[in-house]
Amino acid sequence: MSFYAEEFGAEPGKDCTKQLQAACDAAVRVGGELILKPGTYLANIELKDVRGLVLRGSGRNTTFIQGVAPQKPALSINGFWYSRIQDIGFSVSQALTERAVLEIDGGPKRGVQANTFDNIAVGGQGLGDGKQSRFAVSMCASGGNGAQGSEQCVINCHLSGASQACYYQMGYNALNNQFIGGNFQNYSRHGMQIIFGGIHVFGVGFQSTKGFEQIVNDGWDIVADSGGVGDAIIVAGCRTESLRFYKGAGPQPPQIMSCLQRHAVTGWYKGQAYKIGQAVAVDMPATAQAPAKCWIMRCAMDHTSDKEPNWLSPGPHWAPYTFAVVDIYTGIIDNCNFQVGDIIQREDARDLGVQVSQDYAVPSHIKHVFVDATAGPVKIVLPWASELPQGSEILIVKGDSSANPVAVHSAYYDNTDQHVLALTLKNRVLRVKALGGGGLARRFYRV
C-alpha cells in the first residue's frame, strides 16, 4: 500500500513534524510505502518497530527532510527490519553534539536487520550554524550487541559533515554490512568508525577535506581497531584524497584490495607566507639515499618561503613528517597504490607463522614454524596434506644453536614410506609442498 505525505498535510517549506510523523506511522502500521514529493520537509521523525517500510523521495538532491528541533535527529528509527530508504537527503538546522542526523538502533520489539539505503545523502553540518554534528549516520550506537545491526546494504549514498564519524557502527552483531559506491566527505576525524563487528566497502570515495587536521585529530577514513571476534573486513576498489586511509586491529582483519590514494594536500609555492604547523606535499626525486617519494613537510616556523623544502636537509623552516596511511595488525593488502605515508602491517594473513619450543601439531593455516629446541628435542607434526590446497608450502626452521634435534612428522614424504625428517645444526631448514592427486596420493614433497 502506498501513501503520499501531502495526503496527511505534510508540505515542503513548513514545519510539518506532526503531519509527516502521522504519514510515516500510517505506512509503518501496514508495512507500506510513503512517497515524498520534491522539496524540503522541516521535521524530526521518530519511528519504532518498523518492518517492511519503504520511505521514498524523488531524489537526494530534490527531496529533503531537515531536522529543526534542537539536538534531535532528522530521522531516528528504533527497531528496523527488512525496510528501505531511498532518494532522500537528510540534514539538520543546528548541529547535533552527541547524536546522528540519521539514527538507526534497536527498539522495544525488534533489532536492526536487512535494510537497504539507496541514493540518500546525509549532511551532518548544521545548515544554520555551520558546525558539524557528531555523526551523520549511526548504527546501533546505544543498543550495541542487543540491537544487532546486520545485513545492511548501503548503495550510492553520500555522507558528510561529521566531527567524530560520518558512519558509526557499534556492536559484535553488526555484521555483513555492505557499502557499495557513494562518498564520504568533510569529516574532522573518521569517515567510518567500526566498533566491533564487520563491514564490506566496495568502490567508495573518501575525502576528509581536512588535510593535515585529520592526523592532528587522530582520524582515519576507516578505523576498525576496537575489537572483534575475527570479523573479516573487505575494502576493495576505494579511492581516497585523505592522508590516513585505514587502521585496523587483529580481531577485525581486513583485506584491502585495489585501493588508490591521491592526497589533496597543497604543494609548495615560492614566495608564499607559511605559518607554523601548516603542511605541504613535496615530490622528491630519487637519490642515492632513497627512492623517489612524495613527502609531507610541516612548517617549523613562520616564514615567507623562497626555497623548496628538502627532506634530506630541511633547514630551520621545514620538518619532514612521517605517518602511516595504513596501519593494521594482520590482514592482506593487494594491488594498492598509496601516494604518501607509510604502510604498517605487522602480520600477513596469507603467510602466518608461529614460534614454538615444545611438541607442536601444525594447523592448516600456519605456513611458517620457527622452532626453539634449546630446552630439549621437539616434535613437529604436519597436518594431512589433503587438508591444504595443492601447492601450499610449509617452512620449518630450527632457530636455536643447540644440538637437540627437531623431528618433523608427516604421513608420507615424497611418495616414500619415510615419515620423519630431522633438523639438526647442519640441516636447519625444511620446506615442504602439499602435492598429489589423480594417480598420486596427496602428501608432502620436499622442495
# chains A, B, ... in the order shown; residues from 1 in each chain; ligands from 1
$ select_by_dssp --residues "region 204-439 of chain A" --states "alpha helix (DSSP H)" --output "PyMOL selection string"
chain A and resi 213-216
$ residues_around --residues "region 243-249 of chain A" --least-positions-apart "4" --cutoff "10 Å" --atoms "only C-alpha atoms" --output "VMD selection string"
chain A and resid 190 to 194 206 to 215 218 to 228 230 233 235 238 to 239 253 to 254 256 259 to 265 296 323 to 331 338 to 345
$ residues_around --residues "Ala100 (chain A)" --least-positions-apart "3" --cutoff "9 Å" --atoms "only C-alpha atoms" --output "ChimeraX atom specification"
/A:72-76,96-97,103-104,124,133-138,162,166-168
$ write_last_selection --atoms "N, CA and C atoms" --output "PDB file, in the first residue's frame"
ATOM      1  N   LYS A  72      17.999  16.835  18.069  1.00  0.00           N
ATOM      2  CA  LYS A  72      17.220  15.666  17.675  1.00  0.00           C
ATOM      3  C   LYS A  72      17.552  15.294  16.239  1.00  0.00           C
ATOM      4  N   PRO A  73      17.668  13.994  15.936  1.00  0.00           N
ATOM      5  CA  PRO A  73      17.924  13.576  14.557  1.00  0.00           C
ATOM      6  C   PRO A  73      16.793  13.995  13.630  1.00  0.00           C
ATOM      7  N   ALA A  74      17.120  14.139  12.367  1.00  0.00           N
ATOM      8  CA  ALA A  74      16.070  14.359  11.383  1.00  0.00           C
ATOM      9  C   ALA A  74      15.166  13.127  11.315  1.00  0.00           C
ATOM     10  N   LEU A  75      15.794  11.940  11.384  1.00  0.00           N
ATOM     11  CA  LEU A  75      15.032  10.689  11.411  1.00  0.00           C
ATOM     12  C   LEU A  75      15.726   9.719  12.351  1.00  0.00           C
ATOM     13  N   SER A  76      15.008   9.245  13.350  1.00  0.00           N
ATOM     14  CA  SER A  76      15.516   8.185  14.223  1.00  0.00           C
ATOM     15  C   SER A  76      14.545   7.016  14.171  1.00  0.00           C
ATOM     16  N   LEU A  96      24.188  18.491  15.792  1.00  0.00           N
ATOM     17  CA  LEU A  96      23.882  17.645  16.949  1.00  0.00           C
ATOM     18  C   LEU A  96      25.188  17.287  17.644  1.00  0.00           C
ATOM     19  N   THR A  97      25.326  17.672  18.888  1.00  0.00           N
ATOM     20  CA  THR A  97      26.610  17.487  19.566  1.00  0.00           C
ATOM     21  C   THR A  97      26.876  16.044  19.955  1.00  0.00           C
ATOM     22  N   GLU A 103      19.606   8.195  12.550  1.00  0.00           N
ATOM     23  CA  GLU A 103      19.965   7.329  13.675  1.00  0.00           C
ATOM     24  C   GLU A 103      19.160   6.035  13.597  1.00  0.00           C
ATOM     25  N   ILE A 104      19.849   4.914  13.474  1.00  0.00           N
ATOM     26  CA  ILE A 104      19.217   3.599  13.399  1.00  0.00           C
ATOM     27  C   ILE A 104      19.656   2.795  14.617  1.00  0.00           C
ATOM     28  N   GLY A 124      25.875  16.169   7.982  1.00  0.00           N
ATOM     29  CA  GLY A 124      25.936  16.427   9.407  1.00  0.00           C
ATOM     30  C   GLY A 124      26.156  17.882   9.759  1.00  0.00           C
ATOM     31  N   SER A 133      27.832  17.951  13.128  1.00  0.00           N
ATOM     32  CA  SER A 133      27.236  17.006  14.074  1.00  0.00           C
ATOM     33  C   SER A 133      28.251  15.927  14.416  1.00  0.00           C
ATOM     34  N   ARG A 134      28.037  15.244  15.539  1.00  0.00           N
ATOM     35  CA  ARG A 134      28.985  14.207  15.919  1.00  0.00           C
ATOM     36  C   ARG A 134      29.007  13.092  14.885  1.00  0.00           C
ATOM     37  N   PHE A 135      27.824  12.650  14.440  1.00  0.00           N
ATOM     38  CA  PHE A 135      27.718  11.600  13.430  1.00  0.00           C
ATOM     39  C   PHE A 135      26.753  12.047  12.338  1.00  0.00           C
ATOM     40  N   ALA A 136      26.981  11.597  11.123  1.00  0.00           N
ATOM     41  CA  ALA A 136      25.965  11.740  10.085  1.00  0.00           C
ATOM     42  C   ALA A 136      24.970  10.587  10.186  1.00  0.00           C
ATOM     43  N   VAL A 137      25.471   9.356  10.218  1.00  0.00           N
ATOM     44  CA  VAL A 137      24.639   8.159  10.361  1.00  0.00           C
ATOM     45  C   VAL A 137      25.220   7.315  11.480  1.00  0.00           C
ATOM     46  N   SER A 138      24.376   6.812  12.368  1.00  0.00           N
ATOM     47  CA  SER A 138      24.831   5.876  13.407  1.00  0.00           C
ATOM     48  C   SER A 138      24.009   4.604  13.325  1.00  0.00           C
ATOM     49  N   ALA A 162      30.736  15.420   9.611  1.00  0.00           N
ATOM     50  CA  ALA A 162      30.703  14.889  10.972  1.00  0.00           C
ATOM     51  C   ALA A 162      32.004  15.192  11.695  1.00  0.00           C
ATOM     52  N   CYS A 166      31.396  10.012  10.016  1.00  0.00           N
ATOM     53  CA  CYS A 166      30.224  10.092   9.140  1.00  0.00           C
ATOM     54  C   CYS A 166      29.346   8.860   9.302  1.00  0.00           C
ATOM     55  N   TYR A 167      29.973   7.697   9.464  1.00  0.00           N
ATOM     56  CA  TYR A 167      29.218   6.460   9.742  1.00  0.00           C
ATOM     57  C   TYR A 167      29.811   5.820  10.978  1.00  0.00           C
ATOM     58  N   TYR A 168      28.970   5.584  11.976  1.00  0.00           N
ATOM     59  CA  TYR A 168      29.403   4.996  13.242  1.00  0.00           C
ATOM     60  C   TYR A 168      28.618   3.710  13.456  1.00  0.00           C
TER      61      TYR A 168
END
$ closest_residue --among "A:Pro309, A:Gly439, A:Pro389, A:Gly123" --to "Tyr187 (chain A)" --atoms "only C-alpha atoms"
A:Gly123
$ closest_residue --among "A:Gly237, A:Gly39, A:Pro285, A:Gly67" --to "Gln255 (chain A)" --atoms "only C-alpha atoms"
A:Gly237
$ closest_residue --among "A:Leu159, A:Val378, A:Ala279, A:Ala349" --to "Ala232 (chain A)" --atoms "only C-alpha atoms"
A:Ala349
$ residues_around --residues "Thr116 (chain A)" --least-positions-apart "5" --cutoff "9 Å" --atoms "only C-alpha atoms" --output "list in words"
Tyr82, Ser83, Arg84, Ile85, Gln86, Glu151, Gln152, Cys153, Val154 and Ile155 of chain A
$ atom_distance --atom1 "CA of Val280 (chain A)" --atom2 "CA of Cys299 (chain A)"
8.2 Å
$ residues_around --residues "Gly32 (chain A)" --least-positions-apart "6" --cutoff "7 Å" --atoms "only C-alpha atoms" --output "list in words"
Met1, Ser2, Gly52, Leu53 and Val54 of chain A
$ atom_distance --atom1 "CA of Phe370 (chain A)" --atom2 "CA of Asp351 (chain A)"
13.1 Å
$ closest_residue --among "A:Val381, A:Val122, A:Leu34, A:Ala411" --to "Asn186 (chain A)" --atoms "only C-alpha atoms"
A:Val122
$ atom_distance --atom1 "CA of Gly144 (chain A)" --atom2 "CA of Gln169 (chain A)"
8.4 Å
$ residues_around --residues "region 417-424 of chain A" --least-positions-apart "4" --cutoff "6 Å" --atoms "only C-alpha atoms" --output "list in words"
Pro405, Val406, Ala407, Val408, His409, Ser410, Ala411, Tyr412, Tyr413 and Arg428 of chain A
$ residues_around --residues "region 109-111 of chain A" --least-positions-apart "5" --cutoff "12 Å" --atoms "only C-alpha atoms" --output "VMD selection string"
chain A and resid 47 to 51 77 to 82 104 139 to 140 142 to 151 171 173 to 174
$ write_last_selection --atoms "N, CA and C atoms" --output "short mmCIF file (atom, residue, chain, number, x, y, z; two decimals), in the first residue's frame"
data_model
loop_
_atom_site.label_atom_id
_atom_site.label_comp_id
_atom_site.auth_asym_id
_atom_site.auth_seq_id
_atom_site.Cartn_x
_atom_site.Cartn_y
_atom_site.Cartn_z
N LEU A 47 10.49 6.83 14.63
CA LEU A 47 9.74 5.62 14.32
C LEU A 47 10.20 4.47 15.21
N LYS A 48 9.26 3.53 15.50
CA LYS A 48 9.59 2.39 16.35
C LYS A 48 9.07 1.11 15.72
N ASP A 49 9.86 0.05 15.88
CA ASP A 49 9.48 -1.30 15.48
C ASP A 49 8.91 -1.34 14.06
N VAL A 50 9.77 -0.98 13.13
CA VAL A 50 9.40 -0.86 11.73
C VAL A 50 9.74 -2.16 11.00
N ARG A 51 8.81 -2.60 10.18
CA ARG A 51 9.08 -3.77 9.33
C ARG A 51 8.43 -3.56 7.97
N ILE A 77 15.11 5.82 14.06
CA ILE A 77 14.30 4.60 13.97
C ILE A 77 14.82 3.62 15.01
N ASN A 78 13.94 3.18 15.89
CA ASN A 78 14.29 2.19 16.92
C ASN A 78 13.56 0.89 16.63
N GLY A 79 14.30 -0.05 16.03
CA GLY A 79 13.71 -1.30 15.56
C GLY A 79 13.41 -1.18 14.08
N PHE A 80 14.25 -1.82 13.24
CA PHE A 80 14.17 -1.58 11.79
C PHE A 80 14.47 -2.87 11.06
N TRP A 81 13.43 -3.46 10.44
CA TRP A 81 13.58 -4.74 9.76
C TRP A 81 13.14 -4.64 8.30
N TYR A 82 13.92 -5.25 7.41
CA TYR A 82 13.53 -5.52 6.03
C TYR A 82 12.86 -4.32 5.36
N ILE A 104 19.85 4.91 13.47
CA ILE A 104 19.22 3.60 13.40
C ILE A 104 19.66 2.79 14.62
N MET A 139 24.68 3.49 13.58
CA MET A 139 24.05 2.16 13.56
C MET A 139 24.26 1.51 14.91
N CYS A 140 23.18 1.38 15.67
CA CYS A 140 23.19 0.70 16.97
C CYS A 140 24.16 1.37 17.96
N SER A 142 23.51 3.05 20.63
CA SER A 142 23.11 2.82 22.02
C SER A 142 22.85 1.34 22.29
N GLY A 143 22.15 0.67 21.38
CA GLY A 143 21.76 -0.72 21.60
C GLY A 143 22.90 -1.70 21.52
N GLY A 144 23.94 -1.38 20.73
CA GLY A 144 25.11 -2.24 20.63
C GLY A 144 24.76 -3.66 20.24
N ASN A 145 25.32 -4.64 20.98
CA ASN A 145 25.14 -6.05 20.64
C ASN A 145 23.68 -6.45 20.56
N GLY A 146 22.87 -5.96 21.50
CA GLY A 146 21.47 -6.36 21.55
C GLY A 146 20.64 -5.82 20.41
N ALA A 147 21.11 -4.77 19.76
CA ALA A 147 20.36 -4.17 18.65
C ALA A 147 20.67 -4.84 17.32
N GLN A 148 21.64 -5.72 17.30
CA GLN A 148 22.08 -6.46 16.12
C GLN A 148 22.70 -5.54 15.09
N GLY A 149 21.98 -5.13 14.04
CA GLY A 149 22.54 -4.22 13.05
C GLY A 149 23.23 -4.90 11.89
N SER A 150 22.76 -6.08 11.47
CA SER A 150 23.44 -6.84 10.43
C SER A 150 22.71 -6.76 9.10
N GLU A 151 23.45 -7.11 8.04
CA GLU A 151 22.94 -7.20 6.67
C GLU A 151 22.31 -5.90 6.18
N GLY A 171 28.81 -2.71 17.96
CA GLY A 171 28.26 -3.99 18.39
C GLY A 171 28.86 -5.19 17.68
N ASN A 173 27.35 -7.85 16.92
CA ASN A 173 26.40 -8.45 16.00
C ASN A 173 26.16 -7.60 14.75
N ALA A 174 26.82 -6.48 14.65
CA ALA A 174 26.70 -5.64 13.45
C ALA A 174 27.65 -6.19 12.39
#
$ closest_residue --among "A:Val101, A:Val282, A:Leu175, A:Ile180" --to "Gly198 (chain A)" --atoms "only C-alpha atoms"
A:Leu175
$ closest_residue --among "A:Ala319, A:Val397, A:Cys336, A:Ile88" --to "Ser357 (chain A)" --atoms "only C-alpha atoms"
A:Val397
$ select_by_dssp --residues "region 165-363 of chain A" --states "strand (DSSP E or B)" --output "MDAnalysis selection string"
chainID A and resid 165:170 178:180 183:185 190:195 200:202 205:207 222:224 233:236 239:240 246:248 254:257 260:261 267 273:274 279:284 293:299 303:304 318:321 324:334 337:338 342:348 353:356 360:361
$ decode --residues "region 156-204 of chain A" --atoms "N, CA and C atoms" --output "PDB file, in the first residue's frame"
ATOM      1  N   ASN A 156      25.304   3.708  -3.127  1.00  0.00           N
ATOM      2  CA  ASN A 156      25.492   5.038  -3.719  1.00  0.00           C
ATOM      3  C   ASN A 156      24.952   6.143  -2.816  1.00  0.00           C
ATOM      4  N   CYS A 157      25.396   6.141  -1.571  1.00  0.00           N
ATOM      5  CA  CYS A 157      24.961   7.150  -0.610  1.00  0.00           C
ATOM      6  C   CYS A 157      26.129   8.068  -0.273  1.00  0.00           C
ATOM      7  N   HIS A 158      25.822   9.333   0.034  1.00  0.00           N
ATOM      8  CA  HIS A 158      26.833  10.334   0.353  1.00  0.00           C
ATOM      9  C   HIS A 158      26.638  10.804   1.792  1.00  0.00           C
ATOM     10  N   LEU A 159      27.703  10.697   2.593  1.00  0.00           N
ATOM     11  CA  LEU A 159      27.675  11.106   3.988  1.00  0.00           C
ATOM     12  C   LEU A 159      28.755  12.151   4.208  1.00  0.00           C
ATOM     13  N   SER A 160      28.440  13.184   4.974  1.00  0.00           N
ATOM     14  CA  SER A 160      29.413  14.267   5.138  1.00  0.00           C
ATOM     15  C   SER A 160      29.161  15.040   6.422  1.00  0.00           C
ATOM     16  N   GLY A 161      30.144  15.872   6.782  1.00  0.00           N
ATOM     17  CA  GLY A 161      29.974  16.886   7.808  1.00  0.00           C
ATOM     18  C   GLY A 161      29.890  16.398   9.227  1.00  0.00           C
ATOM     19  N   ALA A 162      30.736  15.420   9.611  1.00  0.00           N
ATOM     20  CA  ALA A 162      30.703  14.889  10.972  1.00  0.00           C
ATOM     21  C   ALA A 162      32.004  15.192  11.695  1.00  0.00           C
ATOM     22  N   SER A 163      31.902  15.447  12.995  1.00  0.00           N
ATOM     23  CA  SER A 163      33.097  15.720  13.786  1.00  0.00           C
ATOM     24  C   SER A 163      33.752  14.442  14.295  1.00  0.00           C
ATOM     25  N   GLN A 164      32.959  13.401  14.591  1.00  0.00           N
ATOM     26  CA  GLN A 164      33.505  12.130  15.072  1.00  0.00           C
ATOM     27  C   GLN A 164      33.588  11.105  13.949  1.00  0.00           C
ATOM     28  N   ALA A 165      32.483  10.822  13.279  1.00  0.00           N
ATOM     29  CA  ALA A 165      32.468   9.858  12.183  1.00  0.00           C
ATOM     30  C   ALA A 165      31.224  10.069  11.339  1.00  0.00           C
ATOM     31  N   CYS A 166      31.396  10.012  10.016  1.00  0.00           N
ATOM     32  CA  CYS A 166      30.224  10.092   9.140  1.00  0.00           C
ATOM     33  C   CYS A 166      29.346   8.860   9.302  1.00  0.00           C
ATOM     34  N   TYR A 167      29.973   7.697   9.464  1.00  0.00           N
ATOM     35  CA  TYR A 167      29.218   6.460   9.742  1.00  0.00           C
ATOM     36  C   TYR A 167      29.811   5.820  10.978  1.00  0.00           C
ATOM     37  N   TYR A 168      28.970   5.584  11.976  1.00  0.00           N
ATOM     38  CA  TYR A 168      29.403   4.996  13.242  1.00  0.00           C
ATOM     39  C   TYR A 168      28.618   3.710  13.456  1.00  0.00           C
ATOM     40  N   GLN A 169      29.338   2.617  13.701  1.00  0.00           N
ATOM     41  CA  GLN A 169      28.701   1.309  13.876  1.00  0.00           C
ATOM     42  C   GLN A 169      29.194   0.686  15.168  1.00  0.00           C
ATOM     43  N   MET A 170      28.252   0.145  15.952  1.00  0.00           N
ATOM     44  CA  MET A 170      28.587  -0.369  17.273  1.00  0.00           C
ATOM     45  C   MET A 170      27.990  -1.765  17.476  1.00  0.00           C
ATOM     46  N   GLY A 171      28.807  -2.707  17.958  1.00  0.00           N
ATOM     47  CA  GLY A 171      28.263  -3.990  18.387  1.00  0.00           C
ATOM     48  C   GLY A 171      28.857  -5.188  17.678  1.00  0.00           C
ATOM     49  N   TYR A 172      29.041  -6.271  18.434  1.00  0.00           N
ATOM     50  CA  TYR A 172      29.591  -7.503  17.871  1.00  0.00           C
ATOM     51  C   TYR A 172      28.655  -8.137  16.852  1.00  0.00           C
ATOM     52  N   ASN A 173      27.354  -7.848  16.921  1.00  0.00           N
ATOM     53  CA  ASN A 173      26.398  -8.450  15.995  1.00  0.00           C
ATOM     54  C   ASN A 173      26.159  -7.598  14.746  1.00  0.00           C
ATOM     55  N   ALA A 174      26.818  -6.475  14.649  1.00  0.00           N
ATOM     56  CA  ALA A 174      26.698  -5.635  13.450  1.00  0.00           C
ATOM     57  C   ALA A 174      27.651  -6.192  12.393  1.00  0.00           C
ATOM     58  N   LEU A 175      27.139  -7.102  11.574  1.00  0.00           N
ATOM     59  CA  LEU A 175      27.962  -7.873  10.650  1.00  0.00           C
ATOM     60  C   LEU A 175      27.393  -7.830   9.240  1.00  0.00           C
ATOM     61  N   ASN A 176      28.246  -8.131   8.272  1.00  0.00           N
ATOM     62  CA  ASN A 176      27.822  -8.280   6.873  1.00  0.00           C
ATOM     63  C   ASN A 176      27.122  -7.032   6.334  1.00  0.00           C
ATOM     64  N   ASN A 177      27.568  -5.874   6.770  1.00  0.00           N
ATOM     65  CA  ASN A 177      27.010  -4.635   6.251  1.00  0.00           C
ATOM     66  C   ASN A 177      27.821  -4.174   5.052  1.00  0.00           C
ATOM     67  N   GLN A 178      27.134  -3.822   3.977  1.00  0.00           N
ATOM     68  CA  GLN A 178      27.781  -3.518   2.704  1.00  0.00           C
ATOM     69  C   GLN A 178      27.624  -2.039   2.353  1.00  0.00           C
ATOM     70  N   PHE A 179      28.725  -1.408   1.960  1.00  0.00           N
ATOM     71  CA  PHE A 179      28.681  -0.084   1.353  1.00  0.00           C
ATOM     72  C   PHE A 179      29.150  -0.243  -0.091  1.00  0.00           C
ATOM     73  N   ILE A 180      28.286   0.126  -1.032  1.00  0.00           N
ATOM     74  CA  ILE A 180      28.587  -0.042  -2.451  1.00  0.00           C
ATOM     75  C   ILE A 180      28.506   1.329  -3.113  1.00  0.00           C
ATOM     76  N   GLY A 181      29.658   1.830  -3.581  1.00  0.00           N
ATOM     77  CA  GLY A 181      29.686   3.148  -4.192  1.00  0.00           C
ATOM     78  C   GLY A 181      29.447   4.246  -3.166  1.00  0.00           C
ATOM     79  N   GLY A 182      29.222   5.450  -3.674  1.00  0.00           N
ATOM     80  CA  GLY A 182      28.969   6.572  -2.782  1.00  0.00           C
ATOM     81  C   GLY A 182      30.251   7.252  -2.330  1.00  0.00           C
ATOM     82  N   ASN A 183      30.109   8.145  -1.350  1.00  0.00           N
ATOM     83  CA  ASN A 183      31.220   9.019  -0.999  1.00  0.00           C
ATOM     84  C   ASN A 183      31.096   9.515   0.435  1.00  0.00           C
ATOM     85  N   PHE A 184      32.271   9.745   1.065  1.00  0.00           N
ATOM     86  CA  PHE A 184      32.345  10.341   2.401  1.00  0.00           C
ATOM     87  C   PHE A 184      33.184  11.610   2.289  1.00  0.00           C
ATOM     88  N   GLN A 185      32.660  12.730   2.818  1.00  0.00           N
ATOM     89  CA  GLN A 185      33.357  13.998   2.684  1.00  0.00           C
ATOM     90  C   GLN A 185      33.280  14.815   3.971  1.00  0.00           C
ATOM     91  N   ASN A 186      34.237  15.733   4.118  1.00  0.00           N
ATOM     92  CA  ASN A 186      34.177  16.797   5.120  1.00  0.00           C
ATOM     93  C   ASN A 186      33.980  16.252   6.530  1.00  0.00           C
ATOM     94  N   TYR A 187      34.907  15.386   6.954  1.00  0.00           N
ATOM     95  CA  TYR A 187      34.862  14.882   8.329  1.00  0.00           C
ATOM     96  C   TYR A 187      36.156  15.260   9.032  1.00  0.00           C
ATOM     97  N   SER A 188      36.002  15.685  10.271  1.00  0.00           N
ATOM     98  CA  SER A 188      37.167  16.151  11.030  1.00  0.00           C
ATOM     99  C   SER A 188      38.000  15.001  11.558  1.00  0.00           C
ATOM    100  N   ARG A 189      37.364  13.828  11.743  1.00  0.00           N
ATOM    101  CA  ARG A 189      38.117  12.708  12.283  1.00  0.00           C
ATOM    102  C   ARG A 189      37.977  11.471  11.394  1.00  0.00           C
ATOM    103  N   HIS A 190      36.899  10.709  11.537  1.00  0.00           N
ATOM    104  CA  HIS A 190      36.764   9.450  10.805  1.00  0.00           C
ATOM    105  C   HIS A 190      35.675   9.538   9.732  1.00  0.00           C
ATOM    106  N   GLY A 191      35.914   8.824   8.628  1.00  0.00           N
ATOM    107  CA  GLY A 191      34.837   8.584   7.681  1.00  0.00           C
ATOM    108  C   GLY A 191      33.919   7.498   8.207  1.00  0.00           C
ATOM    109  N   MET A 192      34.505   6.320   8.502  1.00  0.00           N
ATOM    110  CA  MET A 192      33.774   5.194   9.090  1.00  0.00           C
ATOM    111  C   MET A 192      34.471   4.789  10.386  1.00  0.00           C
ATOM    112  N   GLN A 193      33.696   4.606  11.441  1.00  0.00           N
ATOM    113  CA  GLN A 193      34.229   4.093  12.702  1.00  0.00           C
ATOM    114  C   GLN A 193      33.452   2.830  13.056  1.00  0.00           C
ATOM    115  N   ILE A 194      34.148   1.699  13.056  1.00  0.00           N
ATOM    116  CA  ILE A 194      33.512   0.403  13.251  1.00  0.00           C
ATOM    117  C   ILE A 194      33.935  -0.124  14.622  1.00  0.00           C
ATOM    118  N   ILE A 195      33.037  -0.038  15.591  1.00  0.00           N
ATOM    119  CA  ILE A 195      33.299  -0.537  16.936  1.00  0.00           C
ATOM    120  C   ILE A 195      32.805  -1.977  17.000  1.00  0.00           C
ATOM    121  N   PHE A 196      33.714  -2.933  16.974  1.00  0.00           N
ATOM    122  CA  PHE A 196      33.381  -4.360  16.895  1.00  0.00           C
ATOM    123  C   PHE A 196      32.704  -4.644  15.545  1.00  0.00           C
ATOM    124  N   GLY A 197      32.275  -5.871  15.344  1.00  0.00           N
ATOM    125  CA  GLY A 197      31.555  -6.222  14.132  1.00  0.00           C
ATOM    126  C   GLY A 197      32.401  -6.119  12.879  1.00  0.00           C
ATOM    127  N   GLY A 198      31.725  -6.042  11.738  1.00  0.00           N
ATOM    128  CA  GLY A 198      32.415  -6.034  10.460  1.00  0.00           C
ATOM    129  C   GLY A 198      31.685  -5.203   9.436  1.00  0.00           C
ATOM    130  N   ILE A 199      32.342  -5.037   8.292  1.00  0.00           N
ATOM    131  CA  ILE A 199      31.775  -4.232   7.218  1.00  0.00           C
ATOM    132  C   ILE A 199      32.508  -4.588   5.928  1.00  0.00           C
ATOM    133  N   HIS A 200      31.850  -4.390   4.791  1.00  0.00           N
ATOM    134  CA  HIS A 200      32.474  -4.585   3.486  1.00  0.00           C
ATOM    135  C   HIS A 200      32.237  -3.323   2.666  1.00  0.00           C
ATOM    136  N   VAL A 201      33.311  -2.774   2.112  1.00  0.00           N
ATOM    137  CA  VAL A 201      33.272  -1.464   1.468  1.00  0.00           C
ATOM    138  C   VAL A 201      33.786  -1.608   0.040  1.00  0.00           C
ATOM    139  N   PHE A 202      32.935  -1.300  -0.947  1.00  0.00           N
ATOM    140  CA  PHE A 202      33.278  -1.515  -2.350  1.00  0.00           C
ATOM    141  C   PHE A 202      33.128  -0.212  -3.138  1.00  0.00           C
ATOM    142  N   GLY A 203      34.225   0.264  -3.713  1.00  0.00           N
ATOM    143  CA  GLY A 203      34.165   1.389  -4.639  1.00  0.00           C
ATOM    144  C   GLY A 203      33.704   2.696  -4.023  1.00  0.00           C
ATOM    145  N   VAL A 204      34.007   2.920  -2.757  1.00  0.00           N
ATOM    146  CA  VAL A 204      33.595   4.140  -2.069  1.00  0.00           C
ATOM    147  C   VAL A 204      34.722   5.171  -2.141  1.00  0.00           C
TER     148      VAL A 204
END
